[in-house]
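K.L.:
What follows is run.cif, mmCIF, C-alpha atoms.
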data_input
#
loop_
_atom_site.group_PDB
_atom_site.id
_atom_site.type_symbol
_atom_site.label_atom_id
_atom_site.label_comp_id
_atom_site.auth_asym_id
_atom_site.auth_seq_id
_atom_site.Cartn_x
_atom_site.Cartn_y
_atom_site.Cartn_z
ATOM 1 C CA MET A 1 2.399 -12.694 -62.831
ATOM 2 C CA LYS A 2 5.508 -13.865 -61.058
ATOM 3 C CA VAL A 3 6.462 -12.133 -57.824
ATOM 4 C CA PRO A 4 10.233 -12.115 -57.227
ATOM 5 C CA LEU A 5 11.387 -14.180 -54.272
ATOM 6 C CA ARG A 6 12.989 -11.239 -52.523
ATOM 7 C CA PHE A 7 9.592 -9.562 -52.205
ATOM 8 C CA LEU A 8 7.713 -12.738 -51.408
ATOM 9 C CA LEU A 9 10.071 -13.973 -48.702
ATOM 10 C CA PRO A 10 9.751 -10.958 -46.347
ATOM 11 C CA ALA A 11 5.973 -11.052 -46.792
ATOM 12 C CA ILE A 12 5.889 -14.724 -45.792
ATOM 13 C CA ALA A 13 8.221 -14.114 -42.852
ATOM 14 C CA PHE A 14 6.054 -11.204 -41.691
ATOM 15 C CA THR A 15 2.867 -13.264 -41.892
ATOM 16 C CA ALA A 16 4.508 -16.089 -39.948
ATOM 17 C CA LEU A 17 5.588 -13.615 -37.262
ATOM 18 C CA VAL A 18 2.058 -12.198 -37.002
ATOM 19 C CA VAL A 19 0.700 -15.725 -36.497
ATOM 20 C CA VAL A 20 3.265 -16.404 -33.755
ATOM 21 C CA PHE A 21 2.399 -13.142 -31.985
ATOM 22 C CA VAL A 22 -1.361 -13.677 -32.208
ATOM 23 C CA VAL A 23 -1.019 -17.174 -30.727
ATOM 24 C CA GLY A 24 1.347 -15.853 -28.050
ATOM 25 C CA LEU A 25 -0.920 -12.963 -27.091
ATOM 26 C CA ARG A 26 -3.924 -15.224 -26.707
ATOM 27 C CA GLN A 27 -2.180 -17.338 -24.111
ATOM 28 C CA ASP A 28 -2.680 -16.165 -20.568
ATOM 29 C CA PRO A 29 0.711 -16.090 -18.825
ATOM 30 C CA GLY A 30 -1.137 -16.250 -15.504
ATOM 31 C CA ARG A 31 -2.250 -19.794 -16.229
ATOM 32 C CA ILE A 32 0.700 -22.033 -15.675
ATOM 33 C CA GLN A 33 0.208 -25.720 -16.326
ATOM 34 C CA SER A 34 0.520 -27.469 -13.004
ATOM 35 C CA PRO A 35 3.264 -30.090 -12.851
ATOM 36 C CA LEU A 36 1.037 -31.900 -10.341
ATOM 37 C CA ILE A 37 -1.500 -33.145 -12.880
ATOM 38 C CA GLY A 38 -1.285 -36.933 -13.066
ATOM 39 C CA LYS A 39 0.899 -37.062 -9.954
ATOM 40 C CA PRO A 40 -0.147 -38.221 -6.494
ATOM 41 C CA ALA A 41 -1.914 -35.444 -4.615
ATOM 42 C CA PRO A 42 0.299 -33.914 -1.905
ATOM 43 C CA ALA A 43 -0.729 -35.212 1.504
ATOM 44 C CA PHE A 44 -1.741 -32.842 4.272
ATOM 45 C CA ALA A 45 -3.125 -33.029 7.787
ATOM 46 C CA ASN A 46 -4.081 -29.578 9.000
ATOM 47 C CA GLU A 47 -6.112 -28.121 11.787
ATOM 48 C CA SER A 48 -9.761 -27.914 10.925
ATOM 49 C CA LEU A 49 -10.929 -24.350 10.360
ATOM 50 C CA ALA A 50 -14.050 -24.966 12.409
ATOM 51 C CA ASP A 51 -12.355 -26.672 15.350
ATOM 52 C CA PRO A 52 -8.602 -26.516 16.107
ATOM 53 C CA ALA A 53 -8.894 -29.792 17.994
ATOM 54 C CA TRP A 54 -9.818 -31.618 14.803
ATOM 55 C CA ARG A 55 -7.556 -32.515 11.910
ATOM 56 C CA VAL A 56 -8.556 -32.403 8.276
ATOM 57 C CA ALA A 57 -6.288 -34.801 6.402
ATOM 58 C CA SER A 58 -6.080 -35.650 2.721
ATOM 59 C CA ALA A 59 -6.087 -39.332 3.734
ATOM 60 C CA ASP A 60 -9.666 -38.910 5.035
ATOM 61 C CA PHE A 61 -10.904 -38.562 1.472
ATOM 62 C CA ALA A 62 -8.793 -41.222 -0.214
ATOM 63 C CA GLY A 63 -10.441 -43.879 -2.318
ATOM 64 C CA ARG A 64 -13.004 -41.675 -4.022
ATOM 65 C CA PRO A 65 -12.818 -38.513 -6.115
ATOM 66 C CA TRP A 66 -12.828 -35.229 -4.213
ATOM 67 C CA LEU A 67 -12.342 -31.544 -4.859
ATOM 68 C CA LEU A 68 -9.907 -29.255 -3.105
ATOM 69 C CA ASN A 69 -10.811 -25.585 -3.309
ATOM 70 C CA VAL A 70 -8.222 -23.071 -2.131
ATOM 71 C CA TRP A 71 -9.847 -19.916 -0.802
ATOM 72 C CA ALA A 72 -9.421 -16.963 1.528
ATOM 73 C CA THR A 73 -11.548 -14.080 2.679
ATOM 74 C CA TRP A 74 -9.084 -11.570 1.163
ATOM 75 C CA CYS A 75 -9.560 -13.142 -2.255
ATOM 76 C CA ALA A 76 -12.079 -11.357 -4.482
ATOM 77 C CA GLY A 77 -12.288 -14.226 -6.958
ATOM 78 C CA CYS A 78 -13.324 -16.530 -4.114
ATOM 79 C CA ARG A 79 -16.317 -14.332 -3.360
ATOM 80 C CA GLU A 80 -17.140 -14.380 -7.059
ATOM 81 C CA GLU A 81 -17.216 -18.181 -7.337
ATOM 82 C CA HIS A 82 -18.874 -18.834 -3.989
ATOM 83 C CA GLU A 83 -22.445 -19.073 -5.286
ATOM 84 C CA LEU A 84 -21.355 -21.611 -7.875
ATOM 85 C CA LEU A 85 -19.471 -23.655 -5.270
ATOM 86 C CA LEU A 86 -22.663 -23.802 -3.222
ATOM 87 C CA ALA A 87 -24.573 -24.970 -6.285
ATOM 88 C CA ILE A 88 -21.951 -27.621 -7.054
ATOM 89 C CA ALA A 89 -22.072 -28.800 -3.450
ATOM 90 C CA ARG A 90 -25.882 -29.079 -3.653
ATOM 91 C CA GLU A 91 -25.535 -31.278 -6.730
ATOM 92 C CA ASN A 92 -23.751 -33.684 -4.417
ATOM 93 C CA ARG A 93 -21.661 -35.406 -7.062
ATOM 94 C CA VAL A 94 -18.277 -35.037 -5.434
ATOM 95 C CA PRO A 95 -17.242 -33.957 -1.943
ATOM 96 C CA MET A 96 -15.633 -30.504 -1.777
ATOM 97 C CA VAL A 97 -12.871 -29.889 0.719
ATOM 98 C CA GLY A 98 -11.697 -26.342 1.415
ATOM 99 C CA LEU A 99 -8.168 -25.166 2.031
ATOM 100 C CA ASN A 100 -8.310 -21.849 3.797
ATOM 101 C CA TRP A 101 -5.095 -20.140 2.719
ATOM 102 C CA ARG A 102 -3.281 -17.490 4.712
ATOM 103 C CA ASP A 103 -6.394 -16.256 6.394
ATOM 104 C CA ASP A 104 -7.804 -15.208 9.717
ATOM 105 C CA ARG A 105 -9.832 -17.933 11.402
ATOM 106 C CA SER A 106 -12.635 -15.730 12.693
ATOM 107 C CA LEU A 107 -13.006 -13.892 9.373
ATOM 108 C CA ALA A 108 -13.088 -17.197 7.505
ATOM 109 C CA LEU A 109 -15.714 -18.670 9.828
ATOM 110 C CA ARG A 110 -17.855 -15.546 9.518
ATOM 111 C CA TRP A 111 -17.580 -15.789 5.709
ATOM 112 C CA LEU A 112 -18.942 -19.347 5.750
ATOM 113 C CA GLU A 113 -21.670 -18.411 8.180
ATOM 114 C CA GLN A 114 -22.840 -15.459 6.104
ATOM 115 C CA LEU A 115 -22.397 -16.826 2.581
ATOM 116 C CA GLY A 116 -23.056 -20.503 3.167
ATOM 117 C CA ASN A 117 -20.672 -23.434 3.470
ATOM 118 C CA PRO A 118 -20.103 -25.640 0.421
ATOM 119 C CA TYR A 119 -17.321 -27.613 2.104
ATOM 120 C CA LEU A 120 -17.421 -31.028 3.701
ATOM 121 C CA ALA A 121 -14.437 -29.900 5.758
ATOM 122 C CA VAL A 122 -12.000 -26.990 5.648
ATOM 123 C CA ALA A 123 -8.293 -27.367 6.340
ATOM 124 C CA PHE A 124 -6.748 -24.281 7.939
ATOM 125 C CA ASP A 125 -3.428 -23.183 6.420
ATOM 126 C CA PRO A 126 -2.508 -19.843 8.007
ATOM 127 C CA GLU A 127 1.186 -20.102 7.060
ATOM 128 C CA GLY A 128 0.570 -21.210 3.505
ATOM 129 C CA ARG A 129 2.708 -24.357 3.764
ATOM 130 C CA THR A 130 0.083 -26.747 2.461
ATOM 131 C CA ALA A 131 -0.676 -24.287 -0.345
ATOM 132 C CA ILE A 132 2.987 -24.346 -1.413
ATOM 133 C CA ASP A 133 2.929 -28.159 -1.483
ATOM 134 C CA TRP A 134 0.022 -27.927 -3.895
ATOM 135 C CA GLY A 135 1.776 -25.332 -6.068
ATOM 136 C CA VAL A 136 -0.864 -22.720 -5.276
ATOM 137 C CA TYR A 137 -0.029 -19.192 -6.335
ATOM 138 C CA GLY A 138 -3.326 -17.462 -6.954
ATOM 139 C CA ALA A 139 -6.547 -18.161 -5.110
ATOM 140 C CA PRO A 140 -9.083 -19.351 -5.904
ATOM 141 C CA GLU A 141 -7.699 -22.624 -7.216
ATOM 142 C CA THR A 142 -9.681 -25.822 -7.569
ATOM 143 C CA PHE A 143 -8.205 -29.310 -7.845
ATOM 144 C CA LEU A 144 -9.928 -32.579 -8.663
ATOM 145 C CA ILE A 145 -8.345 -35.631 -7.065
ATOM 146 C CA GLY A 146 -9.184 -38.998 -8.567
ATOM 147 C CA THR A 147 -10.073 -42.327 -7.000
ATOM 148 C CA ASP A 148 -6.425 -43.377 -7.310
ATOM 149 C CA GLY A 149 -5.322 -40.328 -5.300
ATOM 150 C CA SER A 150 -3.751 -38.475 -8.224
ATOM 151 C CA VAL A 151 -4.478 -34.898 -9.240
ATOM 152 C CA ARG A 152 -6.753 -35.085 -12.267
ATOM 153 C CA GLN A 153 -7.559 -31.464 -12.988
ATOM 154 C CA LYS A 154 -6.729 -27.983 -11.791
ATOM 155 C CA HIS A 155 -8.366 -24.651 -12.407
ATOM 156 C CA ILE A 156 -6.833 -21.332 -11.424
ATOM 157 C CA GLY A 157 -9.178 -18.411 -10.916
ATOM 158 C CA PRO A 158 -12.882 -18.257 -10.152
ATOM 159 C CA MET A 159 -14.763 -21.386 -11.191
ATOM 160 C CA THR A 160 -17.401 -20.821 -13.838
ATOM 161 C CA ARG A 161 -20.301 -23.062 -14.795
ATOM 162 C CA ASP A 162 -18.760 -23.483 -18.224
ATOM 163 C CA ILE A 163 -15.347 -24.595 -16.957
ATOM 164 C CA TRP A 164 -16.976 -26.855 -14.401
ATOM 165 C CA GLU A 165 -19.103 -28.610 -17.009
ATOM 166 C CA ARG A 166 -16.335 -28.798 -19.600
ATOM 167 C CA GLU A 167 -13.204 -29.620 -17.603
ATOM 168 C CA PHE A 168 -14.386 -31.236 -14.374
ATOM 169 C CA VAL A 169 -17.720 -33.007 -14.858
ATOM 170 C CA PRO A 170 -16.444 -35.369 -17.605
ATOM 171 C CA LEU A 171 -13.820 -36.649 -15.143
ATOM 172 C CA LEU A 172 -16.369 -37.467 -12.455
ATOM 173 C CA PRO A 173 -17.862 -40.928 -12.076
ATOM 174 C CA VAL A 174 -21.281 -41.264 -13.654
ATOM 175 C CA PRO A 175 -23.905 -40.964 -10.900
ATOM 176 C CA ALA A 176 -26.095 -43.989 -10.232
ATOM 177 C CA GLY A 177 -29.218 -44.100 -12.346
ATOM 178 C CA GLU A 178 -27.844 -41.813 -15.034
ATOM 179 C CA GLY A 179 -25.459 -43.755 -17.194
ATOM 180 C CA MET B 1 19.926 20.004 -15.306
ATOM 181 C CA ARG B 2 18.707 19.737 -11.763
ATOM 182 C CA ILE B 3 15.925 17.386 -12.889
ATOM 183 C CA ALA B 4 18.444 15.257 -14.757
ATOM 184 C CA ALA B 5 20.579 15.041 -11.634
ATOM 185 C CA LEU B 6 17.557 13.997 -9.575
ATOM 186 C CA LEU B 7 16.611 11.340 -12.102
ATOM 187 C CA LEU B 8 20.149 9.999 -12.088
ATOM 188 C CA LEU B 9 20.102 9.923 -8.300
ATOM 189 C CA GLY B 10 16.842 7.955 -8.435
ATOM 190 C CA LEU B 11 18.406 5.421 -10.782
ATOM 191 C CA VAL B 12 21.441 4.999 -8.587
ATOM 192 C CA ALA B 13 19.295 4.639 -5.467
ATOM 193 C CA ALA B 14 16.855 2.100 -6.975
ATOM 194 C CA PRO B 15 18.637 -0.985 -5.598
ATOM 195 C CA ALA B 16 17.986 0.381 -2.124
ATOM 196 C CA LEU B 17 14.296 -0.337 -2.714
ATOM 197 C CA ALA B 18 14.895 -4.010 -3.451
ATOM 198 C CA ILE B 19 13.511 -6.329 -0.822
ATOM 199 C CA GLU B 20 16.062 -9.133 -1.053
ATOM 200 C CA GLY B 21 14.434 -11.095 1.737
ATOM 201 C CA GLY B 22 16.366 -9.333 4.436
ATOM 202 C CA GLN B 23 19.068 -10.798 6.584
ATOM 203 C CA ALA B 24 18.214 -14.472 6.955
ATOM 204 C CA PHE B 25 21.551 -15.867 8.092
ATOM 205 C CA ALA B 26 24.253 -14.502 10.367
ATOM 206 C CA ASP B 27 26.875 -16.420 8.422
ATOM 207 C CA PRO B 28 27.807 -14.349 5.332
ATOM 208 C CA VAL B 29 28.465 -17.459 3.220
ATOM 209 C CA GLN B 30 25.010 -18.857 3.989
ATOM 210 C CA GLN B 31 23.455 -15.432 3.448
ATOM 211 C CA GLU B 32 25.160 -15.183 0.047
ATOM 212 C CA ARG B 33 23.886 -18.630 -0.920
ATOM 213 C CA TYR B 34 20.379 -17.714 0.259
ATOM 214 C CA GLU B 35 20.365 -14.493 -1.763
ATOM 215 C CA GLN B 36 21.654 -16.329 -4.835
ATOM 216 C CA LEU B 37 18.834 -18.884 -4.559
ATOM 217 C CA ILE B 38 16.001 -16.433 -4.050
ATOM 218 C CA ARG B 39 17.231 -14.387 -7.024
ATOM 219 C CA GLU B 40 16.939 -17.480 -9.258
ATOM 220 C CA LEU B 41 13.331 -18.203 -8.318
ATOM 221 C CA ARG B 42 10.452 -16.467 -9.993
ATOM 222 C CA CYS B 43 7.572 -15.043 -8.030
ATOM 223 C CA LEU B 44 4.509 -16.591 -9.672
ATOM 224 C CA VAL B 45 2.157 -13.831 -8.637
ATOM 225 C CA CYS B 46 4.183 -10.995 -10.145
ATOM 226 C CA GLN B 47 5.885 -12.903 -12.889
ATOM 227 C CA ASN B 48 8.663 -10.541 -13.813
ATOM 228 C CA GLN B 49 10.105 -10.400 -10.347
ATOM 229 C CA SER B 50 12.182 -12.909 -8.483
ATOM 230 C CA ILE B 51 11.086 -13.914 -5.003
ATOM 231 C CA ALA B 52 13.982 -11.751 -3.799
ATOM 232 C CA ASP B 53 12.429 -8.648 -5.382
ATOM 233 C CA SER B 54 8.771 -9.281 -4.711
ATOM 234 C CA ASN B 55 6.887 -8.334 -1.604
ATOM 235 C CA ALA B 56 3.937 -10.548 -2.516
ATOM 236 C CA MET B 57 2.757 -12.830 0.263
ATOM 237 C CA LEU B 58 3.622 -15.927 -1.743
ATOM 238 C CA ALA B 59 7.158 -14.635 -2.365
ATOM 239 C CA ALA B 60 7.613 -14.171 1.376
ATOM 240 C CA ASP B 61 6.350 -17.725 1.971
ATOM 241 C CA LEU B 62 8.701 -19.126 -0.671
ATOM 242 C CA ARG B 63 11.654 -17.227 0.821
ATOM 243 C CA ARG B 64 10.773 -18.793 4.151
ATOM 244 C CA GLU B 65 10.702 -22.250 2.520
ATOM 245 C CA VAL B 66 14.154 -21.652 0.991
ATOM 246 C CA ARG B 67 15.523 -20.502 4.347
ATOM 247 C CA ASP B 68 13.996 -23.469 6.199
ATOM 248 C CA MET B 69 15.352 -25.948 3.669
ATOM 249 C CA MET B 70 18.816 -24.414 3.917
ATOM 250 C CA VAL B 71 18.668 -24.682 7.697
ATOM 251 C CA ALA B 72 17.637 -28.319 7.271
ATOM 252 C CA GLY B 73 20.822 -28.835 5.245
ATOM 253 C CA ARG B 74 19.254 -29.391 1.820
ATOM 254 C CA SER B 75 21.386 -28.775 -1.266
ATOM 255 C CA ASP B 76 20.711 -26.080 -3.887
ATOM 256 C CA ALA B 77 19.635 -28.799 -6.331
ATOM 257 C CA GLU B 78 17.174 -30.204 -3.789
ATOM 258 C CA ILE B 79 15.719 -26.752 -3.151
ATOM 259 C CA ARG B 80 15.322 -26.114 -6.889
ATOM 260 C CA ALA B 81 13.709 -29.544 -7.308
ATOM 261 C CA PHE B 82 11.282 -28.769 -4.460
ATOM 262 C CA MET B 83 10.181 -25.637 -6.320
ATOM 263 C CA THR B 84 9.892 -27.189 -9.795
ATOM 264 C CA GLU B 85 7.941 -30.190 -8.458
ATOM 265 C CA ARG B 86 5.321 -27.745 -7.243
ATOM 266 C CA TYR B 87 5.436 -24.851 -9.681
ATOM 267 C CA GLY B 88 7.065 -26.298 -12.819
ATOM 268 C CA ASP B 89 10.130 -25.075 -14.695
ATOM 269 C CA PHE B 90 8.488 -21.665 -14.911
ATOM 270 C CA VAL B 91 9.593 -20.946 -11.360
ATOM 271 C CA LEU B 92 13.236 -21.018 -12.483
ATOM 272 C CA TYR B 93 14.517 -17.940 -14.248
ATOM 273 C CA GLN B 94 17.011 -20.151 -16.026
ATOM 274 C CA PRO B 95 15.103 -23.072 -17.534
ATOM 275 C CA PRO B 96 16.925 -26.427 -17.684
ATOM 276 C CA VAL B 97 18.385 -27.645 -20.964
ATOM 277 C CA ALA B 98 15.993 -30.368 -22.140
ATOM 278 C CA PRO B 99 14.683 -31.526 -25.529
ATOM 279 C CA ARG B 100 11.661 -29.289 -24.890
ATOM 280 C CA THR B 101 13.789 -26.171 -24.323
ATOM 281 C CA LEU B 102 16.488 -26.910 -26.890
ATOM 282 C CA LEU B 103 15.113 -24.398 -29.379
ATOM 283 C CA LEU B 104 15.087 -21.725 -26.675
ATOM 284 C CA TRP B 105 18.717 -22.350 -25.813
ATOM 285 C CA LEU B 106 19.925 -22.701 -29.411
ATOM 286 C CA ALA B 107 17.900 -19.810 -30.863
ATOM 287 C CA PRO B 108 20.607 -17.145 -30.298
ATOM 288 C CA ALA B 109 23.242 -19.259 -32.074
ATOM 289 C CA ILE B 110 20.820 -20.129 -34.902
ATOM 290 C CA LEU B 111 19.898 -16.476 -35.394
ATOM 291 C CA LEU B 112 23.542 -15.438 -35.345
ATOM 292 C CA LEU B 113 24.438 -18.033 -37.979
ATOM 293 C CA ALA B 114 21.459 -17.007 -40.123
ATOM 294 C CA GLY B 115 22.511 -13.351 -39.903
ATOM 295 C CA MET B 116 26.080 -14.230 -40.836
ATOM 296 C CA ALA B 117 24.835 -16.258 -43.802
ATOM 297 C CA VAL B 118 22.690 -13.355 -45.061
ATOM 298 C CA ALA B 119 25.578 -10.896 -44.626
ATOM 299 C CA GLY B 120 27.913 -13.303 -46.439
ATOM 300 C CA VAL B 121 25.562 -13.639 -49.397
ATOM 301 C CA VAL B 122 25.151 -9.846 -49.673
ATOM 302 C CA VAL B 123 28.914 -9.242 -49.556
ATOM 303 C CA LEU B 124 29.595 -11.957 -52.143
ATOM 304 C CA ARG B 125 26.970 -10.581 -54.515
ATOM 305 C CA ARG B 126 28.373 -7.070 -54.241
ATOM 306 C CA ALA B 127 31.871 -8.335 -54.822
ATOM 307 C CA ARG B 128 30.713 -10.160 -57.937
ATOM 308 C CA ALA B 129 28.847 -7.109 -59.206
ATOM 309 C CA ALA B 130 31.910 -4.934 -58.588
ATOM 310 C CA LYS B 131 34.071 -7.311 -60.580
ATOM 311 C CA ALA B 132 31.644 -7.262 -63.505
ATOM 312 C CA ASP B 133 31.339 -3.479 -63.590
ATOM 313 C CA PRO B 134 33.914 -1.735 -61.361
ATOM 314 C CA ALA B 135 32.754 1.683 -62.473
ATOM 315 C CA ALA B 136 29.304 1.128 -60.972
ATOM 316 C CA LEU B 137 30.723 1.094 -57.457
ATOM 317 C CA ASP B 138 33.412 3.732 -57.873
ATOM 318 C CA GLU B 139 31.083 6.318 -59.194
ATOM 319 C CA GLY B 140 29.696 8.280 -56.328
ATOM 320 C CA PRO B 141 26.639 10.505 -56.535
ATOM 321 C CA GLU B 142 26.834 12.886 -59.429
ATOM 322 C CA ARG B 143 28.285 16.205 -58.533
ATOM 323 C CA PRO B 144 27.181 19.369 -60.134
#
Could you spell out this file's structure in structure tokens?
P.N.:
Amino acid sequence: MKVPLRFLLPAIAFTALVVVFVVGLRQDPGRIQSPLIGKPAPAFANESLADPAWRVASADFAGRPWLLNVWATWCAGCREEHELLLAIARENRVPMVGLNWRDDRSLALRWLEQLGNPYLAVAFDPEGRTAIDWGVYGAPETFLIGTDGSVRQKHIGPMTRDIWEREFVPLLPVPAGEG
Amino acid sequence: MRIAALLLLGLVAAPALAIEGGQAFADPVQQERYEQLIRELRCLVCQNQSIADSNAMLAADLRREVRDMMVAGRSDAEIRAFMTERYGDFVLYQPPVAPRTLLLWLAPAILLLAGMAVAGVVVLRRARAAKADPAALDEGPERP
């Protein structure tokens, strides 16, 4: 049986449109690809959260891979991922640096005291200027910075074990005795 | 009627609710430039608002960055570049014309041409049919 083109064509066009919409709907507009990936990590030198007399600078961690985790006490997703951050810190594969974004110092310190501290150091960013340099728009955000000082990976939203294993671990150097 | 009037009043008054970043500059020319810039930049937290419209914390921070850069004498292009380096083209309401965005920019023209082509074909076919059998078009619906 031969279907006339003028019936077939709209059917094909409709199917194509459905495919486009399904693909479009499955993309999360909240996840914007960071233009920073592959570029040198923005430098910062902020007050330490724990001690205003100390500076936490990105240069302190240069020469080896490190994580930057952007968090705040007002951020529900940060509470959600905290247990996992502690677990990742215990695994001791890569140092984790915190960037405390637009927060209150005493609240932030109490948070770390009560929930545990996964961070090697925490940079304090009460005005959000460092966060803007890193293109942060929704905490929690986690960046992996490579040995060469470039941003290798970024995750927006609470870290999950799955995302950690799939998107971050393969980029880490193989630990001694395992490869 | 009264409800309609109230609704209309609400519509007319809506711009009064806009945030617009307040008065940042005493100089009206600078203020105008500032407002123009913050209207062009998207708030990434609430993606369908500009940083002029949004009262999100990040929008306030980005307005402050724009103001500070203007005070420091940076050009509009430099301010836009500062934003796209950090947040990507998505931060601009008007994406740049690039090979990647060519389809986006040309789509309206392509669609218009396609529509004109379809209309042209339909008209031509009808004209041909009318020539072959003029009575078919002239005859309206049958009347009792």
K.L.:
Compile the residues of chain B that lie within 12 Å of chain A, evaluated using only C-alpha atoms, and express the compilation as a VMD selection string.
P.N.:
chain B and resid 42 to 48 56 to 66 68 81 to 91
K.L.:
How many Å lie between atom CA of Asp53 of chain B and atom CA of Gln23 of chain B, rounded to one decimal?
P.N.:
13.9 Å
K.L.:
Name the residues that the PyMOL selection byres ((chain B and resi 37) around 12) pulls out of this structure, and write them as a PyMOL selection string.
P.N.:
chain B and resi 20-21+30-36+38-42+50-52+62-67+69-70+75-80+83+91-94
K.L.:
Let me make sure I understand: among A:Val70, A:Val3, A:Val56, A:Ala13, which one has the smallest atom-to-atom distance to Pro140 of chain A if we use only C-alpha atoms?
P.N.:
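Nearest candidate to Pro140 of chain A out of A:Val70, A:Val3, A:Val56, A:Ala13: A:Val70.
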K.L.:
Using atom CA of Met96 of chain A and atom CA of Ala123 of chain A as the two end points, give the distance in Å to one decimal.
P.N.:
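Pair atom CA of Met96 of chain A / atom CA of Ala123 of chain A returns 11.4 Å.
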K.L.:
Take the point (-14.4, -37.5, -9.0) as written in the file and pick out every residue within 12 Å of it, counting only C-alpha atoms; give the list as a ChimeraX atom specification.
P.N.:
/A:61-68,92-96,143-153,167-175
K.L.:
With all atoms listed in the file as the counted atoms, please give the residues lying no more than 8 Å from Ala43 of chain A, apart from itself and same-chain residues fewer than 3 positions off, as a list in words.
P.N.:
Ala57, Ser58 and Ala59 of chain A
K.L.:
If I take atom CA of Pro10 of chain A and atom CA of Ala132 of chain B, how far is one from the other in Å, to one decimal?
P.N.:
28.1 Å
